[in-house]
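The structure appears below as structure tokens.
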Amino acid sequence: MTAVLTAETRQNRSSLQPLPGWRLPAQAPGGIEDCSLVVATYKRPDDVRRLIECLSQMPGVPQEVIVVDGAPERDTEEVLLAASRAAKMPFELVYVQSPKGLTLQRNVGIDISSKKFLFFLDDDAAPLEGYFTAMRQAFLDDKGETIGALGGCAVNEMNKSMPRRWRIRRALGLVPRTEPFIYSDAGTSAPTGLLKPFSGLRDVDIFPGYAFAVRRRIFDTMRFSGFFDGYSYGEDVEMALRIRQAWRVVCCGDARVMHHVSPGGRPAAFTKGRMEVRNRYFIWRRYSRRASLLNTLRFHFDFFYLFLMDLAWFACRPWKLHYLSHAFGVTSGVASCAIAPPQWQEPAPVVRYRMARGEESDRGVPCLQ
């Protein structure tokens with residue numbers, strides 16, 4: 001019977017798409033054995049290096065750290081190899097070359113990972129001491145296993161004044177007065193900078209895409225949506241709202257990170273503006289079908305307001321063409337939604353990827369295929 005199961009397993013693995021990469025065992029074992037960390041990255045080798053150095057110096061990190069690289073160049077890979085030689089890492093380091101796209105790369109990380117709790121960090125986020133243990137403990141304390149996902153808090157983005165654009169939007173009645181991480185039927189959530197430092201857990205609707213954790217059981221029934229490609233604006237909101245349909249989503253005030261937004265690997269202003277509109281529209285149509293007339297009007301007029309604000313900023317700073325380009329992107333996005341509203345049918349959540357042969361080496365050197 002064992003031989004039959006093994007043959008089936010081998011057959012299943014052979015049908016998966018192999019991705020090149022390697023594994024390095026922990027040099028000073030001590031990571032949390034039931035936790036994996038997935039880091040999707042694209043053309044940000046310096047950010048990845050800083051994150052790995054940060055993790056190497058921290059106690060209580062996941063036993064498995066998987067870097068999923070969407071760039072065709074080998075810069076990130078070389079940075080990771082250098083970092084592994086310079087520090088005694090308490091975790092197994094896994095590097096995977098993947099087709100680019102944030103949601104796709106995260107799904108690759110899910111397939112490659114092997115632990116009960118999956119953490120996701122942006123490469124420009126740096127967890128503070130106790131981040132992983134606080135989130136893991138929240139999962140363990142949840143005896144009924146009602147919590148599906150946890151969000152962290154960026155301490156350098158908290159307790160700030162409301163941005164000018166947001167103040168005007170509120171004054172015009174375009175957005176309701178909601179709390180951070182609460183999604184309104186107007187298709188918005190309050191700026192995370194309005195969040196005050198706190199301890200413990202709070203039930204929310206969404207988590208921040210730069211720092212969150214998910215039970216592996218979640219991925220038995222869903223994956224990150226393939227609708228979002230490229231830079232993937234709003235993919236974290238959509239995933240959190242989908243999880244929240246059957247599970248609790250909470251914010252952990254004791255899981256703290258520093259988030260220094262990297263300028264690298266981001267789309268052009270026109271592309272970003274168009275994508276913001278289409279992605280927001282997709283999420284709003286999927287989760288706010290019962291929105292009131294007021295919130296429906298808020299949602300649509302908010303795009304017109306953002307267009308006008310871009311033009312105003314360009315008029316004040318005509319040498320900054322990205323404002324004008326973004327405004328045209330917003331216009332293009334609105335027109336495209338009117339002509340062909342974005343739609344997507346989520347496929348069955350199945351494992352699609354595996355490491356190419358050779359990744360199981362325990363010699364401490366990469367096995368590239």
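How things are named: the first chain in the structure tokens is A, the next is B, and so on; residues count from 1 in each chain; ligands count from 1 in the order shown.
Scanning stretch 135-170 of chain A with DSSP on the backbone, the alpha helix (DSSP H) assignments fall on Met135, Arg136, Gln137, Ala138, Phe139, Leu140, Asp141, Arg164, Arg165, Trp166, Arg167, Ile168, Arg169 and Arg170 of chain A.
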Next, write the just-selected residues to a file, as a PDB file, in the first residue's frame, keeping C-alpha atoms as the atom set.
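This went into out22.pdb:
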ATOM      1  CA  MET A 135       0.706  36.290  15.429  1.00  0.00           C
ATOM      2  CA  ARG A 136       1.357  32.595  15.986  1.00  0.00           C
ATOM      3  CA  GLN A 137       0.140  32.846  19.583  1.00  0.00           C
ATOM      4  CA  ALA A 138      -3.070  34.497  18.379  1.00  0.00           C
ATOM      5  CA  PHE A 139      -3.686  31.509  16.114  1.00  0.00           C
ATOM      6  CA  LEU A 140      -2.898  29.046  18.921  1.00  0.00           C
ATOM      7  CA  ASP A 141      -5.117  30.841  21.451  1.00  0.00           C
ATOM      8  CA  ARG A 164      -5.194  66.357   2.676  1.00  0.00           C
ATOM      9  CA  ARG A 165      -6.880  64.415  -0.128  1.00  0.00           C
ATOM     10  CA  TRP A 166      -8.751  62.329   2.425  1.00  0.00           C
ATOM     11  CA  ARG A 167      -9.857  65.387   4.419  1.00  0.00           C
ATOM     12  CA  ILE A 168     -11.365  66.885   1.287  1.00  0.00           C
ATOM     13  CA  ARG A 169     -13.043  63.602   0.364  1.00  0.00           C
ATOM     14  CA  ARG A 170     -14.650  63.448   3.814  1.00  0.00           C
TER      15      ARG A 170
END
Using only C-alpha atoms, which residues sit within 7 Å of A:Val67 once same-chain residues fewer than 6 positions away are excluded, as a VMD selection string?
chain A and resid 38 to 40 94 to 96
Mind writing the picked residues with N, CA and C atoms as a CSV table (one decimal), in the first residue's frame?
chain,number,residue,atom,x,y,z
A,38,VAL,N,6.6,33.7,3.4
A,38,VAL,CA,6.7,33.9,1.9
A,38,VAL,C,6.9,35.3,1.6
A,39,VAL,N,7.9,35.6,0.8
A,39,VAL,CA,8.3,37.0,0.4
A,39,VAL,C,8.3,37.0,-1.1
A,40,ALA,N,7.3,37.6,-1.8
A,40,ALA,CA,7.3,37.8,-3.2
A,40,ALA,C,8.1,39.1,-3.5
A,94,VAL,N,14.8,29.3,1.1
A,94,VAL,CA,14.4,28.8,-0.1
A,94,VAL,C,14.3,29.9,-1.2
A,95,TYR,N,14.9,29.7,-2.3
A,95,TYR,CA,14.8,30.6,-3.4
A,95,TYR,C,14.1,30.0,-4.6
A,96,VAL,N,13.1,30.7,-5.1
A,96,VAL,CA,12.3,30.1,-6.3
A,96,VAL,C,12.2,31.2,-7.4
Excluding same-chain residues fewer than 2 positions from A:Ala126, what lies within 7 Å of it counting only C-alpha atoms, as a list in words?
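Neighbouring residues, sequence-local ones excluded: Leu51, Cys54, Asp124, Leu128, Val257, Met258 and His259 of chain A.
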Since we have the selection now, will you write its residues out, keeping N, CA and C atoms, as an mmCIF file, in the first residue's frame?
data_model
loop_
_atom_site.group_PDB
_atom_site.id
_atom_site.type_symbol
_atom_site.label_atom_id
_atom_site.label_comp_id
_atom_site.auth_asym_id
_atom_site.auth_seq_id
_atom_site.Cartn_x
_atom_site.Cartn_y
_atom_site.Cartn_z
ATOM 1 N N LEU A 51 15.915 42.619 4.377
ATOM 2 C CA LEU A 51 14.942 41.795 5.090
ATOM 3 C C LEU A 51 15.586 40.516 5.609
ATOM 4 N N CYS A 54 17.726 41.265 8.535
ATOM 5 C CA CYS A 54 16.877 41.526 9.702
ATOM 6 C C CYS A 54 16.408 40.220 10.330
ATOM 7 N N ASP A 124 9.894 45.220 1.403
ATOM 8 C CA ASP A 124 10.277 46.501 2.008
ATOM 9 C C ASP A 124 9.718 46.663 3.420
ATOM 10 N N LEU A 128 9.504 43.689 13.571
ATOM 11 C CA LEU A 128 10.158 43.962 14.841
ATOM 12 C C LEU A 128 10.097 42.713 15.715
ATOM 13 N N VAL A 257 5.685 45.997 12.571
ATOM 14 C CA VAL A 257 6.716 46.037 11.545
ATOM 15 C C VAL A 257 7.057 47.493 11.241
ATOM 16 N N MET A 258 8.179 47.670 10.573
ATOM 17 C CA MET A 258 8.519 48.945 9.955
ATOM 18 C C MET A 258 8.310 48.770 8.458
ATOM 19 N N HIS A 259 7.568 49.679 7.856
ATOM 20 C CA HIS A 259 7.292 49.574 6.420
ATOM 21 C C HIS A 259 7.836 50.807 5.715
#
At a cut-off of 9 Å, using only C-alpha atoms, what residues contact stretch 74-90 of chain A? Leave out same-chain residues fewer than 6 positions from it and give the result as a list in words.
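These residues fall inside the cut-off: Leu24, Pro25, Ala26, Gln27, Ala28, Pro29, Gly30, Gly31, Thr41, Tyr42, Lys43, Arg44, Pro45, Asp46, Val48, Arg49, Ile52, Glu53, Leu55, Ser56, Gln57, Met58, Pro59, Val61, Pro62, Gln63, Val96, Gln97 and Pro366 of chain A.
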Okay, now the selection with N, CA and C atoms, as a compact mmCIF listing (two decimals), in the first residue's frame?
# COMPACT_ATOMS: atom_id res chain seq x y z
N LEU A 24 18.61 26.11 1.17
CA LEU A 24 19.76 26.07 2.07
C LEU A 24 19.25 25.75 3.47
N PRO A 25 19.79 24.75 4.12
CA PRO A 25 19.33 24.42 5.47
C PRO A 25 19.72 25.51 6.47
N ALA A 26 19.03 25.54 7.59
CA ALA A 26 19.36 26.51 8.65
C ALA A 26 20.77 26.26 9.16
N GLN A 27 21.52 27.33 9.32
CA GLN A 27 22.90 27.22 9.81
C GLN A 27 22.96 27.21 11.33
N ALA A 28 21.93 27.81 11.96
CA ALA A 28 21.83 27.80 13.42
C ALA A 28 20.38 27.53 13.76
N PRO A 29 19.92 26.27 13.60
CA PRO A 29 18.49 25.95 13.71
C PRO A 29 17.85 26.50 14.99
N GLY A 30 16.67 27.07 14.82
CA GLY A 30 15.97 27.64 15.97
C GLY A 30 14.69 28.33 15.57
N GLY A 31 14.30 28.21 14.30
CA GLY A 31 13.08 28.84 13.83
C GLY A 31 11.83 28.16 14.36
N THR A 41 8.96 39.02 -4.50
CA THR A 41 9.78 40.18 -4.82
C THR A 41 9.96 40.31 -6.32
N TYR A 42 10.25 41.55 -6.75
CA TYR A 42 10.48 41.82 -8.17
C TYR A 42 11.43 43.01 -8.31
N LYS A 43 12.65 42.71 -8.72
CA LYS A 43 13.67 43.74 -8.99
C LYS A 43 13.93 44.64 -7.78
N ARG A 44 14.01 44.04 -6.60
CA ARG A 44 14.36 44.80 -5.39
C ARG A 44 15.40 44.03 -4.58
N PRO A 45 16.56 43.75 -5.14
CA PRO A 45 17.55 42.93 -4.42
C PRO A 45 18.01 43.56 -3.11
N ASP A 46 18.14 44.89 -3.07
CA ASP A 46 18.60 45.54 -1.83
C ASP A 46 17.57 45.40 -0.71
N VAL A 48 15.41 42.94 -0.42
CA VAL A 48 15.44 41.54 0.02
C VAL A 48 16.64 41.30 0.94
N ARG A 49 17.77 41.86 0.58
CA ARG A 49 18.97 41.69 1.41
C ARG A 49 18.73 42.22 2.83
N ILE A 52 16.39 39.84 4.79
CA ILE A 52 17.03 38.60 5.23
C ILE A 52 18.02 38.88 6.36
N GLU A 53 18.75 39.98 6.28
CA GLU A 53 19.65 40.35 7.37
C GLU A 53 18.88 40.61 8.66
N LEU A 55 15.92 39.29 9.49
CA LEU A 55 15.42 38.01 9.99
C LEU A 55 16.54 37.19 10.63
N SER A 56 17.75 37.27 10.09
CA SER A 56 18.87 36.49 10.60
C SER A 56 19.27 36.91 12.00
N GLN A 57 18.94 38.15 12.37
CA GLN A 57 19.34 38.67 13.67
C GLN A 57 18.21 38.63 14.70
N MET A 58 17.04 38.13 14.29
CA MET A 58 15.88 38.12 15.17
C MET A 58 15.66 36.77 15.82
N PRO A 59 15.21 36.75 17.07
CA PRO A 59 14.72 35.49 17.65
C PRO A 59 13.28 35.26 17.21
N VAL A 61 11.77 33.48 14.56
CA VAL A 61 11.40 33.65 13.15
C VAL A 61 10.89 32.32 12.60
N PRO A 62 10.15 32.33 11.48
CA PRO A 62 9.67 31.06 10.91
C PRO A 62 10.82 30.14 10.54
N GLN A 63 10.58 28.86 10.63
CA GLN A 63 11.61 27.86 10.30
C GLN A 63 11.91 27.83 8.81
N VAL A 96 13.08 30.67 -5.15
CA VAL A 96 12.33 30.14 -6.29
C VAL A 96 12.24 31.21 -7.37
N GLN A 97 12.56 30.84 -8.60
CA GLN A 97 12.34 31.72 -9.74
C GLN A 97 10.96 31.44 -10.29
N PRO A 366 23.41 25.59 -3.18
CA PRO A 366 22.24 25.56 -4.04
C PRO A 366 22.35 24.53 -5.13
Write out as a CSV table (one decimal) with C-alpha atoms, in the first residue's frame which residues come within 9 Å of A:Ser232 when counting only C-alpha atoms, dropping same-chain ones fewer than 4 positions away.
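Final output, saved to part33.csv:
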chain,number,residue,atom,x,y,z
A,101,GLY,CA,2.9,38.9,-10.7
A,102,LEU,CA,2.4,39.4,-7.0
A,103,THR,CA,-0.6,37.1,-6.6
A,227,PHE,CA,-7.6,38.6,-11.6
A,228,PHE,CA,-4.8,40.7,-10.2
A,236,ASP,CA,-4.9,42.2,-0.3
A,275,MET,CA,-5.4,49.6,-12.7
A,279,ASN,CA,-9.3,46.8,-9.4
Within 8 Å of A:Gly130 using only C-alpha atoms, minus same-chain residues under 3 positions, as a PyMOL selection string
chain A and resi 59-60+133-134+254-256
How about saving the chosen residues, N, CA and C atoms kept, as a compact mmCIF listing (two decimals), in the first residue's frame?
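As written to disk, selection_20.txt reads:
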# COMPACT_ATOMS: atom_id res chain seq x y z
N PRO A 59 15.21 36.75 17.07
CA PRO A 59 14.72 35.49 17.65
C PRO A 59 13.28 35.26 17.21
N GLY A 60 12.86 34.00 17.23
CA GLY A 60 11.47 33.69 16.95
C GLY A 60 11.03 33.99 15.53
N THR A 133 5.93 35.65 16.74
CA THR A 133 5.42 34.93 17.91
C THR A 133 4.05 35.47 18.34
N ALA A 134 3.84 36.78 18.20
CA ALA A 134 2.54 37.36 18.58
C ALA A 134 1.43 36.84 17.66
N ASP A 254 0.09 43.71 18.58
CA ASP A 254 1.43 43.39 19.10
C ASP A 254 2.36 42.86 18.00
N ALA A 255 1.84 42.69 16.79
CA ALA A 255 2.67 42.25 15.65
C ALA A 255 3.05 43.49 14.86
N ARG A 256 4.25 43.99 15.13
CA ARG A 256 4.64 45.30 14.61
C ARG A 256 5.79 45.18 13.62
